[in-house]
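Enquirer: Next up, run.cif (mmCIF, C-alpha atoms).
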data_input
#
loop_
_atom_site.group_PDB
_atom_site.id
_atom_site.type_symbol
_atom_site.label_atom_id
_atom_site.label_comp_id
_atom_site.auth_asym_id
_atom_site.auth_seq_id
_atom_site.Cartn_x
_atom_site.Cartn_y
_atom_site.Cartn_z
ATOM 1 C CA MET A 1 25.000 6.984 1.737
ATOM 2 C CA ASP A 2 22.932 5.277 -0.927
ATOM 3 C CA LYS A 3 19.482 6.579 -1.712
ATOM 4 C CA VAL A 4 16.979 3.739 -1.316
ATOM 5 C CA ILE A 5 13.959 5.783 -2.413
ATOM 6 C CA ILE A 6 13.927 8.474 -5.087
ATOM 7 C CA ALA A 7 10.759 10.266 -6.203
ATOM 8 C CA SER A 8 10.965 12.663 -9.150
ATOM 9 C CA GLU A 9 7.934 14.710 -10.184
ATOM 10 C CA LEU A 10 5.855 11.915 -8.634
ATOM 11 C CA SER A 11 2.078 12.092 -8.941
ATOM 12 C CA LEU A 12 -0.244 9.503 -7.431
ATOM 13 C CA SER A 13 -3.952 9.106 -8.032
ATOM 14 C CA TYR A 14 -6.633 6.486 -7.850
ATOM 15 C CA PRO A 15 -8.567 5.478 -10.982
ATOM 16 C CA HIS A 16 -11.079 8.137 -12.054
ATOM 17 C CA HIS A 17 -9.883 10.638 -9.418
ATOM 18 C CA GLU A 18 -7.661 13.699 -9.456
ATOM 19 C CA ALA A 19 -4.134 13.421 -8.120
ATOM 20 C CA VAL A 20 -3.825 12.862 -4.371
ATOM 21 C CA ILE A 21 -0.115 13.664 -4.591
ATOM 22 C CA ASN A 22 1.044 15.965 -7.362
ATOM 23 C CA LYS A 23 4.612 16.360 -8.653
ATOM 24 C CA ILE A 24 6.598 15.777 -5.470
ATOM 25 C CA ASN A 25 10.353 15.265 -5.280
ATOM 26 C CA PHE A 26 12.224 13.612 -2.441
ATOM 27 C CA SER A 27 14.837 11.007 -1.669
ATOM 28 C CA ILE A 28 15.527 8.847 1.367
ATOM 29 C CA GLU A 29 18.988 7.554 2.181
ATOM 30 C CA SER A 30 19.778 4.097 3.478
ATOM 31 C CA GLY A 31 19.682 3.967 7.273
ATOM 32 C CA SER A 32 17.412 7.009 7.578
ATOM 33 C CA PHE A 33 14.528 7.141 10.007
ATOM 34 C CA VAL A 34 11.684 9.053 8.383
ATOM 35 C CA PHE A 35 8.309 10.248 9.660
ATOM 36 C CA ILE A 36 5.491 10.969 7.240
ATOM 37 C CA THR A 37 3.052 13.429 8.755
ATOM 38 C CA GLY A 38 0.100 15.406 7.523
ATOM 39 C CA ALA A 39 -3.595 16.025 7.903
ATOM 40 C CA SER A 40 -6.138 13.288 7.346
ATOM 41 C CA GLY A 41 -6.620 12.803 3.602
ATOM 42 C CA SER A 42 -3.336 14.465 2.667
ATOM 43 C CA GLY A 43 -1.893 11.350 0.976
ATOM 44 C CA LYS A 44 0.254 9.633 3.614
ATOM 45 C CA SER A 45 -1.263 6.181 3.091
ATOM 46 C CA THR A 46 -1.363 6.739 -0.661
ATOM 47 C CA LEU A 47 2.383 7.432 -0.644
ATOM 48 C CA LEU A 48 3.092 4.335 1.461
ATOM 49 C CA LYS A 49 1.007 2.188 -0.904
ATOM 50 C CA SER A 50 3.137 3.407 -3.785
ATOM 51 C CA LEU A 51 6.390 2.509 -2.004
ATOM 52 C CA PHE A 52 5.582 -1.195 -2.050
ATOM 53 C CA GLY A 53 3.913 -1.151 -5.452
ATOM 54 C CA ALA A 54 0.246 -1.382 -4.462
ATOM 55 C CA LEU A 55 -0.357 1.894 -6.310
ATOM 56 C CA VAL A 56 1.640 2.759 -9.420
ATOM 57 C CA PRO A 57 2.611 6.353 -10.197
ATOM 58 C CA SER A 58 0.228 8.190 -12.484
ATOM 59 C CA ASN A 59 3.125 10.471 -13.511
ATOM 60 C CA GLY A 60 6.780 10.931 -12.703
ATOM 61 C CA SER A 61 9.234 8.405 -11.380
ATOM 62 C CA LEU A 62 9.462 6.372 -8.180
ATOM 63 C CA VAL A 63 12.520 4.210 -7.578
ATOM 64 C CA VAL A 64 12.627 1.953 -4.503
ATOM 65 C CA GLY A 65 15.676 -0.209 -3.831
ATOM 66 C CA GLY A 66 16.933 0.439 -7.357
ATOM 67 C CA VAL A 67 13.631 -0.675 -8.932
ATOM 68 C CA GLU A 68 11.602 1.779 -11.028
ATOM 69 C CA LEU A 69 8.012 1.140 -9.942
ATOM 70 C CA ASN A 70 6.370 2.669 -13.002
ATOM 71 C CA GLY A 71 5.784 -0.351 -15.244
ATOM 72 C CA VAL A 72 7.584 -2.848 -12.998
ATOM 73 C CA SER A 73 6.927 -6.531 -13.721
ATOM 74 C CA ARG A 74 5.064 -8.623 -11.162
ATOM 75 C CA SER A 75 8.100 -10.868 -10.607
ATOM 76 C CA LYS A 76 10.455 -7.930 -10.013
ATOM 77 C CA LEU A 77 7.906 -6.334 -7.671
ATOM 78 C CA ASN A 78 7.652 -9.581 -5.684
ATOM 79 C CA LEU A 79 11.462 -9.669 -5.364
ATOM 80 C CA LEU A 80 11.507 -6.051 -4.166
ATOM 81 C CA ARG A 81 8.817 -6.728 -1.570
ATOM 82 C CA ARG A 82 11.079 -9.356 -0.011
ATOM 83 C CA HIS A 83 13.354 -6.466 1.011
ATOM 84 C CA ILE A 84 10.698 -4.115 2.370
ATOM 85 C CA GLY A 85 9.166 -4.054 5.837
ATOM 86 C CA ILE A 86 5.904 -2.189 6.316
ATOM 87 C CA VAL A 87 3.421 -1.750 9.142
ATOM 88 C CA PHE A 88 -0.130 -1.249 7.938
ATOM 89 C CA GLN A 89 -2.646 0.958 9.765
ATOM 90 C CA ASP A 90 -4.736 -2.108 10.619
ATOM 91 C CA TYR A 91 -1.571 -4.238 11.182
ATOM 92 C CA LYS A 92 -2.722 -7.058 8.822
ATOM 93 C CA LEU A 93 -1.981 -9.739 11.416
ATOM 94 C CA VAL A 94 -3.251 -13.238 10.573
ATOM 95 C CA LYS A 95 -5.969 -13.873 13.174
ATOM 96 C CA GLU A 96 -5.617 -17.657 12.981
ATOM 97 C CA TRP A 97 -1.874 -17.572 13.737
ATOM 98 C CA ASN A 98 -0.215 -16.878 17.064
ATOM 99 C CA ILE A 99 2.077 -13.862 17.246
ATOM 100 C CA GLU A 100 5.210 -15.983 16.935
ATOM 101 C CA LYS A 101 4.016 -17.317 13.565
ATOM 102 C CA ASN A 102 2.852 -13.827 12.483
ATOM 103 C CA ILE A 103 6.374 -12.489 13.026
ATOM 104 C CA MET A 104 7.830 -15.500 11.239
ATOM 105 C CA LEU A 105 5.766 -14.874 8.069
ATOM 106 C CA PRO A 106 8.323 -12.755 6.147
ATOM 107 C CA LEU A 107 11.067 -15.178 7.151
ATOM 108 C CA LEU A 108 9.106 -18.100 5.710
ATOM 109 C CA ILE A 109 8.410 -16.145 2.514
ATOM 110 C CA ASN A 110 12.107 -15.353 2.184
ATOM 111 C CA GLY A 111 13.209 -18.966 2.651
ATOM 112 C CA TYR A 112 14.994 -18.699 6.005
ATOM 113 C CA VAL A 113 15.911 -22.040 7.553
ATOM 114 C CA LYS A 114 13.823 -22.982 10.576
ATOM 115 C CA ASN A 115 16.474 -22.517 13.295
ATOM 116 C CA VAL A 116 17.529 -19.082 11.955
ATOM 117 C CA ALA A 117 13.879 -18.023 11.682
ATOM 118 C CA ASN A 118 13.167 -19.174 15.244
ATOM 119 C CA ALA A 119 16.207 -17.317 16.590
ATOM 120 C CA GLN A 120 15.174 -14.120 14.798
ATOM 121 C CA VAL A 121 11.607 -14.355 16.082
ATOM 122 C CA ASP A 122 12.855 -14.927 19.654
ATOM 123 C CA LYS A 123 15.173 -11.918 19.364
ATOM 124 C CA LEU A 124 12.393 -9.671 18.039
ATOM 125 C CA LEU A 125 9.847 -10.845 20.614
ATOM 126 C CA LYS A 126 12.308 -9.893 23.358
ATOM 127 C CA HIS A 127 13.043 -6.583 21.646
ATOM 128 C CA VAL A 128 9.356 -5.597 21.579
ATOM 129 C CA ARG A 129 8.897 -7.077 25.072
ATOM 130 C CA LEU A 130 6.350 -9.686 24.036
ATOM 131 C CA ASN A 131 8.306 -12.923 24.498
ATOM 132 C CA HIS A 132 5.864 -13.928 27.258
ATOM 133 C CA GLN A 133 2.978 -13.597 24.742
ATOM 134 C CA ALA A 134 4.460 -15.699 21.893
ATOM 135 C CA GLY A 135 1.688 -18.283 21.878
ATOM 136 C CA LYS A 136 -1.200 -15.813 22.022
ATOM 137 C CA PHE A 137 -3.324 -14.815 19.048
ATOM 138 C CA PRO A 138 -3.696 -11.202 17.837
ATOM 139 C CA GLN A 139 -7.230 -10.787 19.230
ATOM 140 C CA GLU A 140 -5.900 -11.708 22.687
ATOM 141 C CA LEU A 141 -3.538 -8.719 22.664
ATOM 142 C CA SER A 142 -4.123 -5.019 23.236
ATOM 143 C CA GLY A 143 -3.932 -2.630 20.287
ATOM 144 C CA GLY A 144 -0.476 -1.493 21.374
ATOM 145 C CA GLU A 145 0.749 -5.070 21.632
ATOM 146 C CA GLN A 146 -0.623 -5.830 18.161
ATOM 147 C CA GLN A 147 1.224 -2.785 16.867
ATOM 148 C CA ARG A 148 4.472 -4.084 18.392
ATOM 149 C CA VAL A 149 3.907 -7.484 16.730
ATOM 150 C CA ALA A 150 3.429 -5.700 13.389
ATOM 151 C CA MET A 151 6.668 -3.751 13.959
ATOM 152 C CA ALA A 152 8.556 -6.946 14.781
ATOM 153 C CA ARG A 153 7.177 -8.624 11.651
ATOM 154 C CA ALA A 154 8.174 -5.644 9.498
ATOM 155 C CA LEU A 155 11.755 -5.899 10.818
ATOM 156 C CA ALA A 156 12.011 -9.707 10.839
ATOM 157 C CA HIS A 157 13.753 -10.138 7.488
ATOM 158 C CA ASN A 158 16.129 -7.151 7.891
ATOM 159 C CA PRO A 159 14.558 -4.941 5.195
ATOM 160 C CA ILE A 160 16.483 -2.302 3.234
#
Let's see the structure in the file written out as structure tokens.

Expert:
Amino acid sequence: MDKVIIASELSLSYPHHEAVINKINFSIESGSFVFITGASGSGKSTLLKSLFGALVPSNGSLVVGGVELNGVSRSKLNLLRRHIGIVFQDYKLVKEWNIEKNIMLPLLINGYVKNVANAQVDKLLKHVRLNHQAGKFPQELSGGEQQRVAMARALAHNPI
């Protein structure tokens, strides 16, 4: 299998702070299902931020989808993000959009045609058992339902 993420001697830190993650090595193969666990403050969110380029490595190398994230150009990073699906801790759902449109967001960004996008959203709404809630807004849903919308949105564009 292909390795979609490769970290070599990776260190991550925020400006003016010591390293949160220091010299770690790992790789993740395509098709893997991975859990990131650890105590509060151990660097889980920091690592996830680095995987989509919101935080650049302070040292070492991080390659995601064949793209070296240390010194990556904005345009190349934007192209990579079109192939990544992520669920944020606070879900980042657009409050003014119903859940159907929230799930459609990555499809619109990636230029899917309307009928394909609609079919994918319908499929995902059924998969997360929220097809009966399609027209509701995030604040009208429970926390668990919002989490399922965020999962559907992360999977909508068939990420790597």

Enquirer: Quick one: pull the distance between CA of Ser32 in chain A and CA of Ile160 in chain A, Å, one decimal.

Expert: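 Computed distance, CA of Ser32 in chain A to CA of Ile160 in chain A, equals 10.3 Å.
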
Enquirer: Expressed in Å to a single decimal, how great is the separation between CA of Phe137 in chain A and CA of Asn78 in chain A?

Expert: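 Taking CA of Phe137 in chain A and CA of Asn78 in chain A, their separation equals 27.6 Å.
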
Enquirer: Considering all atoms listed in the file, state which residue in the set A:Ile24, A:Ile6, A:Leu12, A:Met151 is at the smallest distance from Gln89 in chain A.

Expert: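 Residue with the minimum atom-to-atom distance to Gln89 in chain A: A:Met151.
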
Enquirer: Name every residue that the PyMOL selection byres ((chain A and resi 59) around 12) selects in this structure, writing the answer as a PDB file with C-alpha atoms, in the coordinates of the input with chains first and numbers rising.

Expert:
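Result file is selection-v3.pdb:
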ATOM      1  CA  ALA A   7      10.759  10.266  -6.203  1.00  0.00           C
ATOM      2  CA  SER A   8      10.965  12.663  -9.150  1.00  0.00           C
ATOM      3  CA  GLU A   9       7.934  14.710 -10.184  1.00  0.00           C
ATOM      4  CA  LEU A  10       5.855  11.915  -8.634  1.00  0.00           C
ATOM      5  CA  SER A  11       2.078  12.092  -8.941  1.00  0.00           C
ATOM      6  CA  LEU A  12      -0.244   9.503  -7.431  1.00  0.00           C
ATOM      7  CA  SER A  13      -3.952   9.106  -8.032  1.00  0.00           C
ATOM      8  CA  TYR A  14      -6.633   6.486  -7.850  1.00  0.00           C
ATOM      9  CA  GLU A  18      -7.661  13.699  -9.456  1.00  0.00           C
ATOM     10  CA  ALA A  19      -4.134  13.421  -8.120  1.00  0.00           C
ATOM     11  CA  VAL A  20      -3.825  12.862  -4.371  1.00  0.00           C
ATOM     12  CA  ILE A  21      -0.115  13.664  -4.591  1.00  0.00           C
ATOM     13  CA  ASN A  22       1.044  15.965  -7.362  1.00  0.00           C
ATOM     14  CA  LYS A  23       4.612  16.360  -8.653  1.00  0.00           C
ATOM     15  CA  ILE A  24       6.598  15.777  -5.470  1.00  0.00           C
ATOM     16  CA  ASN A  25      10.353  15.265  -5.280  1.00  0.00           C
ATOM     17  CA  LEU A  55      -0.357   1.894  -6.310  1.00  0.00           C
ATOM     18  CA  VAL A  56       1.640   2.759  -9.420  1.00  0.00           C
ATOM     19  CA  PRO A  57       2.611   6.353 -10.197  1.00  0.00           C
ATOM     20  CA  SER A  58       0.228   8.190 -12.484  1.00  0.00           C
ATOM     21  CA  GLY A  60       6.780  10.931 -12.703  1.00  0.00           C
ATOM     22  CA  SER A  61       9.234   8.405 -11.380  1.00  0.00           C
ATOM     23  CA  LEU A  62       9.462   6.372  -8.180  1.00  0.00           C
ATOM     24  CA  LEU A  69       8.012   1.140  -9.942  1.00  0.00           C
ATOM     25  CA  ASN A  70       6.370   2.669 -13.002  1.00  0.00           C
ATOM     26  CA  GLY A  71       5.784  -0.351 -15.244  1.00  0.00           C
TER      27      GLY A  71
END

Enquirer: Just the residues within 7 Å of Asn110 in chain A, please, counting all atoms listed in the file, with nothing from its chain fewer than 3 positions along; format it as a list of chain:residue names.

Expert: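 The residues that qualify are A:Arg82, A:Pro106, A:Leu107.
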
Enquirer: Would you work out the distance separating CA of Val63 in chain A from CA of Gly85 in chain A, expressed in Å to one decimal?

Expert: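 Taking CA of Val63 in chain A and CA of Gly85 in chain A, their separation equals 16.1 Å.
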
Enquirer: Near Asn98 in chain A, counting only C-alpha atoms, which residues have an atom at most 10 Å away, once you skip same-chain residues fewer than 2 positions from it, shown as a ChimeraX atom specification?

Expert: /A:93-96,100-103,133-140

Enquirer: Quick one: apply the PyMOL selection byres ((chain A and resi 87) around 10) to the file and drop the selected residues here as JSON, numbers by chain.

Expert: {"A": [48, 85, 86, 88, 89, 90, 91, 92, 93, 147, 148, 149, 150, 151, 152, 153, 154, 155]}

Enquirer: Ranking A:Arg74, A:Gly143, A:Arg81, A:His157 by minimum distance to Met104 in chain A and counting all atoms listed in the file, which one comes first?

Expert: A:His157

Enquirer: Could you give me the centre and size, in Å to one decimal, of an axis-aligned box around all listed atoms of range 25-36 of chain A with 6 Å added on every side, as JSON?

Expert:
{"center_x": 12.6, "center_y": 9.6, "center_z": 2.4, "size_x": 26.3, "size_y": 23.3, "size_z": 27.3}

Enquirer: Measuring between all atoms listed in the file, which one of A:Val72, A:Leu80, A:Ala156, A:Leu105 shows the shortest distance to His127 in chain A?

Expert: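 Comparing A:Val72, A:Leu80, A:Ala156, A:Leu105 against His127 in chain A, the winner is A:Ala156.
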
Enquirer: Of the candidates A:Val128, A:Val4, A:Ile109, A:Ile99, which one gets nearest to Val64 in chain A if we count only C-alpha atoms?

Expert: A:Val4

Enquirer: When distances are computed from only C-alpha atoms, which of A:Lys3, A:Gly144, A:Lys44, A:Ser73 shows the smallest separation from Phe26 in chain A?

Expert: A:Lys3
